[in-house]
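Undergrad: One file is attached below, query31.cif, containing mmCIF, C-alpha atoms.
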data_my_file
#
loop_
_atom_site.label_atom_id
_atom_site.label_comp_id
_atom_site.auth_asym_id
_atom_site.auth_seq_id
_atom_site.Cartn_x
_atom_site.Cartn_y
_atom_site.Cartn_z
CA MET T 1 89.00 100.71 -205.18
CA LYS T 2 92.65 99.82 -205.00
CA LEU T 3 95.02 98.55 -207.61
CA TRP T 4 98.32 96.78 -206.99
CA ALA T 5 100.86 97.53 -209.70
CA LYS T 6 104.17 95.68 -209.76
CA THR T 7 107.17 95.15 -211.97
CA VAL T 8 108.70 91.68 -211.99
CA SER T 9 112.20 90.73 -212.99
CA GLU T 10 113.43 87.13 -212.87
CA GLU T 11 110.28 86.15 -210.93
CA LYS T 12 110.92 88.75 -208.19
CA ILE T 13 108.96 91.91 -207.55
CA THR T 14 111.28 94.85 -208.20
CA ARG T 15 108.80 97.74 -207.72
CA ASP T 16 105.25 97.93 -206.52
CA LEU T 17 102.60 100.51 -205.83
CA LEU T 18 99.19 100.38 -204.20
CA TYR T 19 97.09 102.89 -206.12
CA GLU T 20 93.60 104.10 -205.19
CA TYR T 21 91.23 104.93 -208.01
CA GLU T 22 87.55 105.56 -208.61
CA HIS T 23 86.78 103.44 -211.67
CA ALA T 24 87.85 102.51 -215.17
CA ASN T 25 84.60 102.18 -217.09
CA ASP T 26 86.14 102.08 -220.56
CA LEU T 27 89.44 101.70 -222.38
CA ASP T 28 90.14 105.46 -222.35
CA GLU T 29 89.78 105.68 -218.56
CA PHE T 30 91.91 102.54 -218.21
CA VAL T 31 94.69 104.16 -220.28
CA VAL T 32 94.59 107.31 -218.11
CA LEU T 33 94.76 105.13 -214.99
CA LEU T 34 97.69 103.20 -216.47
CA ARG T 35 99.52 106.44 -217.36
CA ASN T 36 99.11 107.80 -213.82
CA ILE T 37 100.40 104.58 -212.26
CA CYS T 38 103.41 104.38 -214.56
CA GLU T 39 104.23 108.02 -213.89
CA GLN T 40 104.20 107.41 -210.13
CA MET T 41 106.33 104.29 -210.53
CA ASP T 42 108.71 106.14 -212.89
CA ILE T 43 108.43 103.54 -215.65
CA PRO T 44 107.43 103.84 -219.32
CA THR T 45 103.75 103.42 -220.11
CA PRO T 46 102.94 100.26 -222.07
CA ILE T 47 100.63 100.15 -225.05
CA ALA T 48 97.23 99.14 -223.67
CA THR T 49 94.85 97.31 -225.98
CA ARG T 50 91.20 96.33 -225.73
CA VAL T 51 92.43 92.84 -224.76
CA ASN T 52 94.26 94.26 -221.71
CA TYR T 53 91.19 96.20 -220.65
CA ASP T 54 88.83 93.25 -221.17
CA HIS T 55 91.15 90.95 -219.22
CA PHE T 56 91.26 93.49 -216.38
CA VAL T 57 87.47 93.77 -216.29
CA ARG T 58 86.83 90.01 -216.45
CA PHE T 59 89.64 88.73 -214.23
CA ASN T 60 90.66 91.79 -212.15
CA ASN T 61 94.21 91.70 -213.50
CA THR T 62 96.26 92.18 -216.63
CA ARG T 63 99.91 91.81 -217.62
CA PHE T 64 102.23 93.70 -219.91
CA LYS T 65 105.35 92.04 -221.30
CA MET T 66 108.45 93.60 -222.85
CA ARG T 67 106.83 93.58 -226.30
CA ASP T 68 104.07 95.92 -224.99
CA PHE T 69 106.56 98.74 -224.33
CA VAL T 70 108.02 101.07 -226.93
CA GLU T 71 110.81 102.27 -224.63
CA HIS T 72 113.47 100.13 -222.99
CA ILE T 73 112.46 98.63 -219.62
CA ASP T 74 114.54 97.07 -216.85
CA PHE T 75 112.00 94.40 -215.88
CA ASP T 76 110.38 91.38 -217.51
CA LEU T 77 106.72 91.94 -216.65
CA PHE T 78 104.37 94.67 -215.46
CA GLU T 79 101.22 93.48 -213.69
CA LEU T 80 98.08 95.27 -212.56
CA GLU T 81 95.76 93.57 -210.09
CA ALA T 82 92.58 94.90 -208.52
CA VAL T 83 92.57 94.57 -204.74
CA PRO T 84 89.08 93.89 -203.35
CA ASP T 85 87.88 96.20 -200.61
CA LYS T 86 87.50 94.49 -197.28
CA LYS T 87 83.92 94.48 -196.05
CA GLN T 88 83.32 95.55 -192.49
CA SER T 89 81.67 92.70 -190.64
CA LYS T 90 78.84 93.59 -188.29
CA ARG T 91 78.78 91.95 -184.90
#
As structure tokens, what does this structure read like?
TA:
Amino acid sequence: MKLWAKTVSEEKITRDLLYEYEHANDLDEFVVLLRNICEQMDIPTPIATRVNYDHFVRFNNTRFKMRDFVEHIDFDLFELEAVPDKKQSKR
């Protein structure tokens, strides 16, 4: 599966990353996934709650605002969105 991570500042995407991952079956795996993505994007890791994980599972996306970060950030919003795999059509 793929995940599109992006930082948004003043309604413009300032950084983005397409990240491939196996699965995130629980909150702990989701936090590890989040840490890896933030490390690759060179941004602080936000505090992930059960609400973030549940929103990701139910709606294939979640958002983190400034209040979700302990460290200073240079963007307004951090979004994670699952990218569906394209099915190969048979002809």
Undergrad: As an exercise, work out the distance from atom CA of Val57 of chain T to atom CA of Leu80 of chain T in Å and give it to one decimal place.
TA: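 A separation of 11.3 Å between them.
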Undergrad: Could you check how far atom CA of Ile37 of chain T sits from atom CA of Lys12 of chain T, in Å to one decimal?
TA: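 Computed distance, atom CA of Ile37 of chain T to atom CA of Lys12 of chain T, equals 19.4 Å.
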Undergrad: Figure out the distance between atom CA of Thr62 of chain T and atom CA of Glu81 of chain T, please, to one decimal in Å.
TA: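 Separating atom CA of Glu81 of chain T from atom CA of Thr62 of chain T is a distance of 6.7 Å.
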Undergrad: Give me the residues within 12 Å of segment 17-33 of chain T as a PyMOL selection string, counting all atoms listed in the file and dropping any in the same chain fewer than 6 places off.
TA: chain T and resi 1-7+39-43+45-57+60+62+78-85
Undergrad: At a cut-off of 10 Å, using only C-alpha atoms, what residues contact His72 of chain T? Leave out same-chain residues fewer than 4 positions from it and give the result as a ChimeraX atom specification.
TA: /T:43-44,66-67
Undergrad: Point out the residue among T:Phe64, T:Asp74, T:Leu34, T:Lys86 with the least atom-to-atom distance to Thr14 of chain T, counting only C-alpha atoms.
TA: T:Asp74
Undergrad: Would you mind telling me which residue in T:Phe59, T:Asn36, T:Phe69, T:Asp76 lies nearest to Val8 of chain T when using all atoms listed in the file?
TA: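 For Val8 of chain T, the nearest of the given residues is T:Asp76.
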